[in-house]
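The file input_28.csv contains CSV, C-alpha atoms:
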chain,number,residue,atom,x,y,z
A,1,MET,CA,0.0,0.0,0.0
A,2,ALA,CA,2.0,2.9,-1.3
A,3,TRP,CA,-0.6,5.4,-0.2
A,4,THR,CA,0.0,4.4,3.4
A,5,ALA,CA,3.7,5.1,3.1
A,6,LEU,CA,3.1,8.5,1.5
A,7,GLY,CA,0.5,9.3,4.2
A,8,TYR,CA,3.0,8.6,7.0
A,9,LEU,CA,5.6,10.8,5.4
A,10,ILE,CA,3.3,13.7,4.9
A,11,ALA,CA,1.6,13.3,8.3
A,12,GLY,CA,5.1,13.2,10.0
A,13,MET,CA,6.3,16.3,8.3
A,14,ALA,CA,3.0,18.2,8.8
A,15,PHE,CA,2.4,17.3,12.4
A,16,TRP,CA,5.8,17.8,13.8
A,17,GLY,CA,6.4,20.8,11.6
A,18,PHE,CA,3.3,22.3,12.9
A,19,VAL,CA,4.3,21.6,16.5
A,20,GLY,CA,7.7,23.3,15.7
A,21,TRP,CA,5.9,26.3,14.3
A,22,LEU,CA,3.9,26.6,17.5
A,23,ILE,CA,7.0,26.4,19.5
A,24,ASP,CA,8.6,29.1,17.3
A,25,LYS,CA,5.7,31.4,17.6
A,26,TYR,CA,4.6,31.1,21.2
A,27,TRP,CA,7.4,29.7,23.2
A,28,LEU,CA,11.0,30.2,22.2
A,29,HIS,CA,10.4,33.0,19.6
A,30,THR,CA,13.1,31.5,17.4
A,31,ARG,CA,12.3,32.4,13.9
A,32,GLY,CA,12.1,29.1,12.0
A,33,ILE,CA,14.6,26.9,13.8
A,34,ALA,CA,12.0,24.8,15.6
A,35,VAL,CA,10.0,24.4,12.3
A,36,GLY,CA,13.1,23.1,10.6
A,37,VAL,CA,13.9,20.7,13.4
A,38,GLY,CA,10.2,19.6,13.6
A,39,VAL,CA,10.1,18.8,9.9
A,40,VAL,CA,13.3,16.8,10.0
A,41,VAL,CA,12.3,14.9,13.1
A,42,GLY,CA,8.8,14.4,11.7
A,43,THR,CA,10.2,13.0,8.4
A,44,ALA,CA,12.4,10.6,10.3
A,45,ALA,CA,9.4,9.5,12.4
A,46,GLY,CA,7.3,9.1,9.3
A,47,ILE,CA,10.0,7.0,7.5
A,48,TYR,CA,10.4,4.9,10.7
A,49,LEU,CA,6.7,4.3,11.0
A,50,ALA,CA,6.2,3.4,7.3
A,51,LEU,CA,9.1,0.9,7.5
A,52,LYS,CA,7.7,-0.6,10.8
A,53,ARG,CA,4.1,-0.9,9.5
A,54,LEU,CA,4.9,-2.1,6.0
A,55,GLU,CA,7.7,-4.5,6.7
A,56,ALA,CA,7.0,-8.1,5.8
A,57,PRO,CA,5.4,-9.8,8.8
B,1,MET,CA,-15.4,35.5,-27.3
B,2,LEU,CA,-15.9,36.4,-31.0
B,3,PHE,CA,-17.0,32.9,-32.2
B,4,LEU,CA,-19.6,32.4,-29.4
B,5,ALA,CA,-22.7,31.4,-31.3
B,6,GLU,CA,-24.9,30.6,-28.3
B,7,ASP,CA,-24.5,33.2,-25.6
B,8,ASN,CA,-26.4,31.1,-23.1
B,9,LEU,CA,-23.8,28.3,-23.2
B,10,PRO,CA,-22.6,27.9,-19.6
B,11,TRP,CA,-18.9,28.5,-20.2
B,12,PRO,CA,-16.5,27.9,-18.5
B,13,PRO,CA,-17.8,25.0,-16.4
B,14,SER,CA,-18.0,26.0,-12.7
B,15,VAL,CA,-19.1,24.8,-9.4
B,16,GLU,CA,-22.6,26.2,-10.2
B,17,ASP,CA,-23.0,23.3,-12.7
B,18,PHE,CA,-23.1,21.0,-9.7
B,19,PHE,CA,-26.1,22.7,-8.2
B,20,PRO,CA,-29.0,22.0,-10.6
B,21,PRO,CA,-32.3,23.6,-9.7
B,22,SER,CA,-34.4,21.9,-7.1
B,23,ILE,CA,-37.1,19.5,-8.4
B,24,ALA,CA,-39.8,20.2,-5.8
B,25,ASP,CA,-40.3,23.4,-3.9
B,26,GLY,CA,-37.6,24.0,-1.4
B,27,PRO,CA,-34.2,22.3,-1.1
B,28,TRP,CA,-35.4,18.8,-0.1
B,29,LEU,CA,-35.6,17.1,-3.5
B,30,THR,CA,-32.8,17.6,-5.9
B,31,LYS,CA,-31.3,15.6,-8.7
B,32,PHE,CA,-28.8,14.2,-6.2
B,33,THR,CA,-31.3,13.0,-3.6
B,34,LEU,CA,-33.6,11.7,-6.2
B,35,PHE,CA,-30.9,9.5,-7.9
B,36,ALA,CA,-29.5,8.4,-4.6
B,37,TRP,CA,-33.0,7.0,-3.8
B,38,ILE,CA,-33.4,5.5,-7.2
B,39,ALA,CA,-30.0,3.8,-6.8
B,40,THR,CA,-31.1,2.4,-3.5
B,41,ALA,CA,-34.4,1.2,-4.9
B,42,LEU,CA,-32.7,-0.4,-7.9
B,43,LEU,CA,-30.3,-2.4,-5.8
B,44,ILE,CA,-33.1,-3.6,-3.4
B,45,ILE,CA,-35.4,-4.6,-6.2
B,46,PHE,CA,-32.6,-6.2,-8.1
B,47,PHE,CA,-31.5,-8.5,-5.3
B,48,LEU,CA,-35.1,-9.2,-4.2
B,49,VAL,CA,-36.0,-10.3,-7.8
B,50,ALA,CA,-32.7,-12.2,-8.3
B,51,TYR,CA,-33.1,-14.2,-5.1
B,52,ARG,CA,-36.9,-14.5,-5.2
B,53,SER,CA,-36.7,-18.2,-5.9
B,54,PRO,CA,-33.1,-19.3,-5.9
B,55,LYS,CA,-32.3,-22.3,-8.0
B,56,LEU,CA,-29.5,-24.7,-7.8
B,57,VAL,CA,-28.7,-24.0,-11.4
B,58,PRO,CA,-29.0,-20.3,-11.3
B,59,THR,CA,-30.9,-18.2,-13.8
B,60,LYS,CA,-29.1,-15.4,-15.6
B,61,LEU,CA,-30.3,-12.8,-13.1
B,62,GLN,CA,-29.4,-14.9,-10.1
B,63,TRP,CA,-26.0,-15.7,-11.6
B,64,LEU,CA,-25.3,-12.0,-12.0
B,65,ALA,CA,-26.3,-11.2,-8.4
B,66,GLU,CA,-24.3,-14.2,-7.1
B,67,SER,CA,-21.2,-13.3,-9.1
B,68,MET,CA,-21.3,-9.7,-7.8
B,69,TYR,CA,-21.7,-10.9,-4.2
B,70,GLY,CA,-19.1,-13.6,-4.7
B,71,PHE,CA,-16.6,-11.2,-6.1
B,72,VAL,CA,-16.8,-8.9,-3.0
B,73,ARG,CA,-17.0,-11.9,-0.7
B,74,THR,CA,-13.8,-13.6,-2.0
B,75,GLN,CA,-11.8,-10.7,-3.4
B,76,ILE,CA,-12.4,-8.2,-0.7
B,77,ALA,CA,-13.9,-9.8,2.5
B,78,ARG,CA,-12.0,-13.0,2.5
B,79,ASP,CA,-8.7,-12.1,0.9
B,80,VAL,CA,-8.2,-8.9,2.9
B,81,ILE,CA,-9.8,-9.6,6.3
B,82,GLY,CA,-9.5,-13.4,6.3
B,83,HIS,CA,-11.9,-15.9,7.6
B,84,GLU,CA,-13.4,-13.5,10.1
B,85,GLY,CA,-14.2,-11.1,7.2
B,86,LEU,CA,-17.0,-13.1,5.8
B,87,ARG,CA,-19.5,-11.6,8.2
B,88,PHE,CA,-18.7,-8.2,6.7
B,89,ALA,CA,-19.3,-9.4,3.1
B,90,PRO,CA,-23.0,-8.3,3.0
B,91,TYR,CA,-22.1,-4.8,4.1
B,92,LEU,CA,-19.1,-4.5,1.8
B,93,THR,CA,-21.2,-5.7,-1.1
B,94,SER,CA,-23.9,-3.2,-0.4
B,95,LEU,CA,-21.3,-0.5,0.0
B,96,PHE,CA,-19.5,-1.4,-3.3
B,97,LEU,CA,-22.7,-1.6,-5.3
B,98,PHE,CA,-24.3,1.5,-3.9
B,99,ILE,CA,-21.1,3.5,-4.7
B,100,LEU,CA,-20.9,1.9,-8.1
B,101,VAL,CA,-24.4,2.7,-9.1
B,102,ASN,CA,-24.2,6.2,-7.8
B,103,ASN,CA,-20.9,6.7,-9.7
B,104,LEU,CA,-22.3,5.3,-12.9
B,105,TRP,CA,-25.0,8.0,-12.8
B,106,GLY,CA,-22.2,10.2,-13.9
B,107,VAL,CA,-22.1,8.7,-17.3
B,108,PHE,CA,-25.7,7.4,-17.6
B,109,PRO,CA,-27.3,9.2,-20.5
B,110,GLY,CA,-29.8,11.7,-19.4
B,111,VAL,CA,-28.6,11.9,-15.8
B,112,GLN,CA,-24.9,12.5,-16.3
B,113,MET,CA,-24.3,13.7,-12.8
B,114,SER,CA,-22.8,11.4,-10.2
B,115,VAL,CA,-24.4,11.5,-6.8
B,116,ASN,CA,-21.0,11.2,-5.3
B,117,ALA,CA,-19.9,14.5,-6.9
B,118,HIS,CA,-21.4,16.1,-3.8
B,119,ILE,CA,-19.2,15.7,-0.8
B,120,ALA,CA,-22.1,14.9,1.5
B,121,PHE,CA,-22.6,11.4,0.1
B,122,PRO,CA,-18.9,10.2,0.2
B,123,ALA,CA,-18.6,11.9,3.6
B,124,MET,CA,-21.5,10.0,5.1
B,125,LEU,CA,-20.2,6.7,3.7
B,126,ALA,CA,-16.7,7.4,5.1
B,127,ILE,CA,-18.3,8.2,8.5
B,128,LEU,CA,-20.1,4.8,8.4
B,129,THR,CA,-16.8,3.1,7.6
B,130,TYR,CA,-15.1,5.0,10.4
B,131,LEU,CA,-17.8,4.0,13.0
B,132,LEU,CA,-17.7,0.4,11.7
B,133,PHE,CA,-13.9,-0.2,12.0
B,134,ASN,CA,-13.6,1.5,15.4
B,135,TYR,CA,-16.7,-0.3,16.7
B,136,VAL,CA,-15.5,-3.8,15.7
B,137,GLY,CA,-12.0,-3.1,17.0
B,138,ILE,CA,-13.2,-1.8,20.3
B,139,ARG,CA,-15.7,-4.7,20.6
B,140,LYS,CA,-13.0,-7.2,20.0
B,141,HIS,CA,-10.1,-5.8,22.0
B,142,GLY,CA,-11.6,-3.4,24.4
B,143,VAL,CA,-10.8,0.3,24.3
B,144,GLY,CA,-7.3,0.1,25.9
B,145,LYS,CA,-5.9,-2.8,23.8
B,146,TYR,CA,-7.6,-1.4,20.7
B,147,LEU,CA,-5.8,1.9,21.0
B,148,LYS,CA,-2.6,0.1,21.8
B,149,THR,CA,-2.8,-2.0,18.6
B,150,GLN,CA,-3.7,1.0,16.5
B,151,LEU,CA,-1.3,3.6,17.9
B,152,ILE,CA,1.8,1.7,18.9
B,153,PRO,CA,3.8,0.1,16.1
B,154,PRO,CA,5.1,-3.3,17.1
B,155,GLY,CA,8.7,-3.4,18.1
B,156,ALA,CA,9.3,0.3,18.5
B,157,PRO,CA,11.5,1.4,21.4
B,158,VAL,CA,9.7,3.2,24.2
B,159,TRP,CA,11.6,6.4,23.9
B,160,LEU,CA,10.2,6.9,20.4
B,161,PHE,CA,6.6,6.6,21.5
B,162,PRO,CA,6.0,10.3,22.1
B,163,LEU,CA,7.2,10.9,18.6
B,164,LEU,CA,5.2,8.2,16.9
B,165,ILE,CA,1.9,8.1,18.7
B,166,PRO,CA,0.6,11.5,17.6
B,167,LEU,CA,1.4,10.5,14.0
B,168,GLU,CA,-0.5,7.2,14.2
B,169,ALA,CA,-3.4,8.9,15.9
B,170,LEU,CA,-3.5,11.6,13.2
B,171,GLN,CA,-3.3,8.9,10.5
B,172,VAL,CA,-5.9,6.5,11.9
B,173,PHE,CA,-8.5,8.8,13.5
B,174,ILE,CA,-8.4,11.9,11.3
B,175,LEU,CA,-6.8,11.3,7.9
B,176,ARG,CA,-8.4,8.0,7.2
B,177,PRO,CA,-12.1,9.1,7.0
B,178,PHE,CA,-11.1,12.4,5.4
B,179,THR,CA,-9.0,10.9,2.6
B,180,LEU,CA,-11.6,8.1,2.0
B,181,ALA,CA,-14.3,10.7,1.4
B,182,VAL,CA,-12.2,13.2,-0.6
B,183,ARG,CA,-10.8,10.5,-2.9
B,184,LEU,CA,-14.2,9.4,-4.0
B,185,PHE,CA,-15.7,12.9,-4.2
B,186,ALA,CA,-12.8,14.4,-6.1
B,187,ASN,CA,-12.7,11.6,-8.6
B,188,MET,CA,-16.4,12.0,-9.4
B,189,PHE,CA,-16.3,15.8,-9.3
B,190,ALA,CA,-13.2,16.0,-11.6
B,191,GLY,CA,-14.8,13.4,-14.0
B,192,HIS,CA,-17.8,15.6,-14.4
B,193,VAL,CA,-15.8,18.7,-15.0
B,194,ILE,CA,-13.7,16.9,-17.6
B,195,LEU,CA,-16.8,15.8,-19.5
B,196,LEU,CA,-18.2,19.3,-19.3
B,197,VAL,CA,-15.0,20.9,-20.6
B,198,PHE,CA,-14.8,18.6,-23.7
B,199,THR,CA,-18.5,18.6,-24.5
B,200,LEU,CA,-19.2,22.3,-24.1
B,201,GLY,CA,-15.8,23.2,-25.5
B,202,GLY,CA,-16.6,21.2,-28.5
B,203,PHE,CA,-19.8,23.3,-29.0
B,204,LEU,CA,-17.8,26.5,-28.7
B,205,LEU,CA,-15.1,25.4,-31.1
B,206,PHE,CA,-17.6,24.1,-33.6
B,207,ALA,CA,-19.6,27.3,-33.6
B,208,SER,CA,-16.5,29.3,-34.7
B,209,ASP,CA,-16.2,30.6,-38.3
B,210,ASN,CA,-12.7,29.1,-38.6
B,211,PHE,CA,-12.7,25.7,-40.3
B,212,PHE,CA,-9.6,24.7,-38.5
B,213,LEU,CA,-11.2,25.3,-35.1
B,214,LYS,CA,-14.4,23.4,-36.3
B,215,THR,CA,-12.3,20.3,-36.8
B,216,PHE,CA,-11.0,20.7,-33.3
B,217,GLY,CA,-14.6,20.9,-32.0
B,218,VAL,CA,-15.3,17.5,-33.5
B,219,ALA,CA,-12.1,16.1,-32.1
B,220,SER,CA,-13.1,17.5,-28.7
B,221,TRP,CA,-16.4,15.6,-28.9
B,222,ALA,CA,-14.6,12.4,-29.9
B,223,PHE,CA,-12.4,12.9,-26.9
B,224,ALA,CA,-15.5,13.5,-24.7
B,225,ILE,CA,-16.7,10.0,-25.8
B,226,VAL,CA,-13.3,8.5,-24.9
B,227,MET,CA,-13.4,10.2,-21.5
B,228,THR,CA,-16.9,8.8,-20.9
B,229,PHE,CA,-15.5,5.3,-21.2
B,230,PHE,CA,-12.6,6.3,-19.0
B,231,GLU,CA,-15.2,7.5,-16.5
B,232,ILE,CA,-16.8,4.1,-16.4
B,233,ILE,CA,-13.5,2.6,-15.5
B,234,VAL,CA,-13.0,5.3,-12.8
B,235,ALA,CA,-16.5,4.6,-11.4
B,236,LEU,CA,-15.7,0.9,-11.1
B,237,LEU,CA,-12.2,1.5,-9.6
B,238,GLN,CA,-13.3,4.0,-7.0
B,239,ALA,CA,-16.2,1.8,-5.8
B,240,TYR,CA,-13.7,-1.0,-5.5
B,241,VAL,CA,-11.1,1.1,-3.7
B,242,PHE,CA,-13.6,2.4,-1.2
B,243,ALA,CA,-14.8,-1.1,-0.3
B,244,LEU,CA,-11.2,-2.4,-0.3
B,245,LEU,CA,-10.0,0.3,2.1
B,246,THR,CA,-13.0,-0.3,4.3
B,247,ALA,CA,-11.9,-3.9,4.5
B,248,VAL,CA,-8.3,-3.0,5.1
B,249,TYR,CA,-9.3,-0.7,8.0
B,250,ILE,CA,-11.5,-3.4,9.5
B,251,GLU,CA,-8.6,-5.9,9.2
B,252,GLY,CA,-6.3,-3.4,11.0
B,253,ALA,CA,-8.8,-3.0,13.7
B,254,ILE,CA,-9.4,-6.7,14.5
B,255,ALA,CA,-5.9,-8.0,13.8
B,256,GLU,CA,-4.0,-9.6,16.6
B,257,GLU,CA,-0.7,-8.0,17.5
B,258,HIS,CA,2.1,-9.5,15.6

Could you quickly redo this structure as structure tokens?
Amino acid sequence: MAWTALGYLIAGMAFWGFVGWLIDKYWLHTRGIAVGVGVVVGTAAGIYLALKRLEAP
Amino acid sequence: MLFLAEDNLPWPPSVEDFFPPSIADGPWLTKFTLFAWIATALLIIFFLVAYRSPKLVPTKLQWLAESMYGFVRTQIARDVIGHEGLRFAPYLTSLFLFILVNNLWGVFPGVQMSVNAHIAFPAMLAILTYLLFNYVGIRKHGVGKYLKTQLIPPGAPVWLFPLLIPLEALQVFILRPFTLAVRLFANMFAGHVILLVFTLGGFLLFASDNFFLKTFGVASWAFAIVMTFFEIIVALLQAYVFALLTAVYIEGAIAEEH
């Protein structure tokens, strides 16, 4: 299911990127650092999840 | 537009084309509700007639009904969910055929508007799927274990949980019903727009004074016919995908941890 893999990647980037954006705006007031970190971490988490869920049982 | 012969031609196609005038007074009976009801009635009558007096050697009608049910039962219910899936076969068959008939209204002469081109119908069907897979999962595992199987990927280290659980929750509980509804709706909506563009565009081109453009008008109509056949394939495929994904979600909900 290729759609599932794509969904995990996008969800990972979007969710943790959004969390990073919130941190940027309301907490640390760093301009963009947390978004960058969030997107990278989210992508890593998405790849990890896609591999875990889709690996041969 | 210099070559516009008929000024009342609704060009370019817009969202307005998806809101034909109401049939009765008020908003309660439109083309969409009417054909949704007709599709329901057709399916009920078809299966009642086909199974009225079932024979060991089936009649043509019975054979057709049996092969449609058999297709969903083996290809979707049994192959995806497994032995436990057979009890979902009637629902999956109804779902598949209901979506299929409503999709085919999009190319049916005289109707030419798929009921599923309004987001309300796919959204309602997606909500049903959502309730169904969560219900069977919770009933089988109980809330705690169900959430655990859905949200925690097997074999992941504990320190990764905070990172992974929000993603799984987003995927399972928010994106699934949303993508399910939008996929069906967008396919039907886009299919109708494509047919409108090539049919109405053909009229516009044919009405021009330029001979060269007239030939393109004819080509545009020919392409509209090709796209109509393509739409039949899309209608079948999207009905199949919807039923298949419903089965995949049910399977994920009732699967044991591996």

Within 9 Å of region 4-20 of chain A using all atoms listed in the file, minus same-chain residues under 5 positions, as JSON, numbers by chain = {"A": [25, 32, 33, 34, 35, 36, 37, 38, 39, 40, 41, 42, 43, 44, 45, 46, 47, 49, 50, 51, 53, 54], "B": [163, 164, 166, 167, 168, 170, 171, 175]}

- Task: With a cut-off of 12 Å and counting only C-alpha atoms, select all residues of chain B in contact with chain A and give the selection as a count of residues only.
- Result: 36

What does the distance from CA of Leu104 (chain B) to CA of Ala235 (chain B) come to in Å, to one decimal?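 CA of Ala235 (chain B) lies at a distance of 6.0 Å from CA of Leu104 (chain B).
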
Practice item. Please indicate the distance in Å from CA of Tyr240 (chain B) to CA of Gly85 (chain B), rounded to one decimal place. Key: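 Straight-line distance from CA of Tyr240 (chain B) to CA of Gly85 (chain B) works out to 16.2 Å.
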
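A straight line drawn from CA of Phe88 (chain B) to CA of Met113 (chain B) is 29.9 Å long.
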
### Residue neighbourhood region 66-80 of chain B, 12 Å, only C-alpha atoms, exclusion window fewer than 6 positions, as a ChimeraX atom specification
/B:43,46-47,50-51,54-60,86-97,100,239-252,254-255

Save out the residues we just selected, C-alpha atoms, as a short mmCIF file (atom, residue, chain, number, x, y, z; two decimals), in the frame of the given file.
data_model
loop_
_atom_site.label_atom_id
_atom_site.label_comp_id
_atom_site.auth_asym_id
_atom_site.auth_seq_id
_atom_site.Cartn_x
_atom_site.Cartn_y
_atom_site.Cartn_z
CA LEU B 43 -30.30 -2.40 -5.80
CA PHE B 46 -32.60 -6.20 -8.10
CA PHE B 47 -31.50 -8.50 -5.30
CA ALA B 50 -32.70 -12.20 -8.30
CA TYR B 51 -33.10 -14.20 -5.10
CA PRO B 54 -33.10 -19.30 -5.90
CA LYS B 55 -32.30 -22.30 -8.00
CA LEU B 56 -29.50 -24.70 -7.80
CA VAL B 57 -28.70 -24.00 -11.40
CA PRO B 58 -29.00 -20.30 -11.30
CA THR B 59 -30.90 -18.20 -13.80
CA LYS B 60 -29.10 -15.40 -15.60
CA LEU B 86 -17.00 -13.10 5.80
CA ARG B 87 -19.50 -11.60 8.20
CA PHE B 88 -18.70 -8.20 6.70
CA ALA B 89 -19.30 -9.40 3.10
CA PRO B 90 -23.00 -8.30 3.00
CA TYR B 91 -22.10 -4.80 4.10
CA LEU B 92 -19.10 -4.50 1.80
CA THR B 93 -21.20 -5.70 -1.10
CA SER B 94 -23.90 -3.20 -0.40
CA LEU B 95 -21.30 -0.50 0.00
CA PHE B 96 -19.50 -1.40 -3.30
CA LEU B 97 -22.70 -1.60 -5.30
CA LEU B 100 -20.90 1.90 -8.10
CA ALA B 239 -16.20 1.80 -5.80
CA TYR B 240 -13.70 -1.00 -5.50
CA VAL B 241 -11.10 1.10 -3.70
CA PHE B 242 -13.60 2.40 -1.20
CA ALA B 243 -14.80 -1.10 -0.30
CA LEU B 244 -11.20 -2.40 -0.30
CA LEU B 245 -10.00 0.30 2.10
CA THR B 246 -13.00 -0.30 4.30
CA ALA B 247 -11.90 -3.90 4.50
CA VAL B 248 -8.30 -3.00 5.10
CA TYR B 249 -9.30 -0.70 8.00
CA ILE B 250 -11.50 -3.40 9.50
CA GLU B 251 -8.60 -5.90 9.20
CA GLY B 252 -6.30 -3.40 11.00
CA ILE B 254 -9.40 -6.70 14.50
CA ALA B 255 -5.90 -8.00 13.80
#

Residue with the minimum atom-to-atom distance to His192 (chain B), picked from B:Pro177, B:Gly106, B:Gly137, B:Pro122 with all atoms listed in the file counted, is B:Gly106

Shell of 8 Å around region 215-225 of chain B, only C-alpha atoms, local chain residues under 2 positions omitted, as a list in words
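Using only C-alpha atoms, the neighbours found are Leu195, Phe198, Thr199, Gly201, Gly202, Phe203, Leu204, Leu205, Phe206, Phe211, Phe212, Leu213, Met227, Thr228 and Phe229 of chain B.
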
Region 66-181 of chain B residues near region 17-36 of chain B within 10 Å, closest pair each, using only C-alpha atoms, as a Markdown table:
| residue | atom | partner | partner_atom | distance |
| --- | --- | --- | --- | --- |
| B:Phe98 | CA | B:Ala36 | CA | 8.7 |
| B:Ile99 | CA | B:Ala36 | CA | 9.7 |
| B:Val101 | CA | B:Ala36 | CA | 8.9 |
| B:Asn102 | CA | B:Ala36 | CA | 6.6 |
| B:Trp105 | CA | B:Phe35 | CA | 7.8 |
| B:Val111 | CA | B:Lys31 | CA | 8.4 |
| B:Met113 | CA | B:Phe32 | CA | 8.0 |
| B:Ser114 | CA | B:Phe32 | CA | 7.7 |
| B:Val115 | CA | B:Phe32 | CA | 5.2 |
| B:Asn116 | CA | B:Phe32 | CA | 8.4 |
| B:Ala117 | CA | B:Phe18 | CA | 7.8 |
| B:His118 | CA | B:Phe18 | CA | 7.9 |
| B:Phe121 | CA | B:Ala36 | CA | 8.9 |

If I only have part of region 69-82 of chain B, can you fill in N, CA, C and O atoms and write it as an mmCIF file, in the frame of the given file?
data_model
loop_
_atom_site.group_PDB
_atom_site.id
_atom_site.type_symbol
_atom_site.label_atom_id
_atom_site.label_comp_id
_atom_site.auth_asym_id
_atom_site.auth_seq_id
_atom_site.Cartn_x
_atom_site.Cartn_y
_atom_site.Cartn_z
ATOM 1 N N TYR B 69 -21.909 -10.608 -5.631
ATOM 2 C CA TYR B 69 -21.700 -10.900 -4.200
ATOM 3 C C TYR B 69 -20.449 -11.717 -3.998
ATOM 4 O O TYR B 69 -19.636 -11.438 -3.117
ATOM 5 N N GLY B 70 -20.300 -12.732 -4.848
ATOM 6 C CA GLY B 70 -19.100 -13.600 -4.700
ATOM 7 C C GLY B 70 -17.839 -12.892 -4.929
ATOM 8 O O GLY B 70 -16.845 -13.163 -4.246
ATOM 9 N N PHE B 71 -17.839 -11.933 -5.836
ATOM 10 C CA PHE B 71 -16.600 -11.200 -6.100
ATOM 11 C C PHE B 71 -16.185 -10.416 -4.826
ATOM 12 O O PHE B 71 -15.041 -10.522 -4.383
ATOM 13 N N VAL B 72 -17.126 -9.684 -4.223
ATOM 14 C CA VAL B 72 -16.800 -8.900 -3.000
ATOM 15 C C VAL B 72 -16.426 -9.885 -1.881
ATOM 16 O O VAL B 72 -15.480 -9.661 -1.114
ATOM 17 N N ARG B 73 -17.188 -10.981 -1.781
ATOM 18 C CA ARG B 73 -17.000 -11.900 -0.700
ATOM 19 C C ARG B 73 -15.570 -12.503 -0.731
ATOM 20 O O ARG B 73 -14.873 -12.542 0.286
ATOM 21 N N THR B 74 -15.156 -12.973 -1.912
ATOM 22 C CA THR B 74 -13.800 -13.600 -2.000
ATOM 23 C C THR B 74 -12.714 -12.583 -2.145
ATOM 24 O O THR B 74 -11.718 -12.632 -1.442
ATOM 25 N N GLN B 75 -12.897 -11.645 -3.081
ATOM 26 C CA GLN B 75 -11.800 -10.700 -3.400
ATOM 27 C C GLN B 75 -11.526 -9.710 -2.323
ATOM 28 O O GLN B 75 -10.402 -9.272 -2.142
ATOM 29 N N ILE B 76 -12.582 -9.253 -1.661
ATOM 30 C CA ILE B 76 -12.400 -8.200 -0.700
ATOM 31 C C ILE B 76 -12.479 -8.753 0.740
ATOM 32 O O ILE B 76 -11.537 -8.685 1.518
ATOM 33 N N ALA B 77 -13.653 -9.350 1.074
ATOM 34 C CA ALA B 77 -13.900 -9.800 2.500
ATOM 35 C C ALA B 77 -12.888 -10.851 2.882
ATOM 36 O O ALA B 77 -12.206 -10.732 3.898
ATOM 37 N N ARG B 78 -12.777 -11.927 2.083
ATOM 38 C CA ARG B 78 -12.000 -13.000 2.500
ATOM 39 C C ARG B 78 -10.462 -12.776 2.340
ATOM 40 O O ARG B 78 -9.653 -13.052 3.214
ATOM 41 N N ASP B 79 -10.093 -12.227 1.173
ATOM 42 C CA ASP B 79 -8.700 -12.100 0.900
ATOM 43 C C ASP B 79 -8.036 -10.986 1.774
ATOM 44 O O ASP B 79 -6.865 -11.072 2.111
ATOM 45 N N VAL B 80 -8.790 -9.943 2.136
ATOM 46 C CA VAL B 80 -8.200 -8.900 2.900
ATOM 47 C C VAL B 80 -8.319 -9.143 4.410
ATOM 48 O O VAL B 80 -7.344 -9.059 5.151
ATOM 49 N N ILE B 81 -9.543 -9.466 4.853
ATOM 50 C CA ILE B 81 -9.800 -9.600 6.300
ATOM 51 C C ILE B 81 -9.474 -11.028 6.762
ATOM 52 O O ILE B 81 -9.077 -11.248 7.889
ATOM 53 N N GLY B 82 -9.675 -11.979 5.872
ATOM 54 C CA GLY B 82 -9.500 -13.400 6.300
ATOM 55 C C GLY B 82 -10.811 -14.009 6.630
ATOM 56 O O GLY B 82 -11.874 -13.470 6.323
#
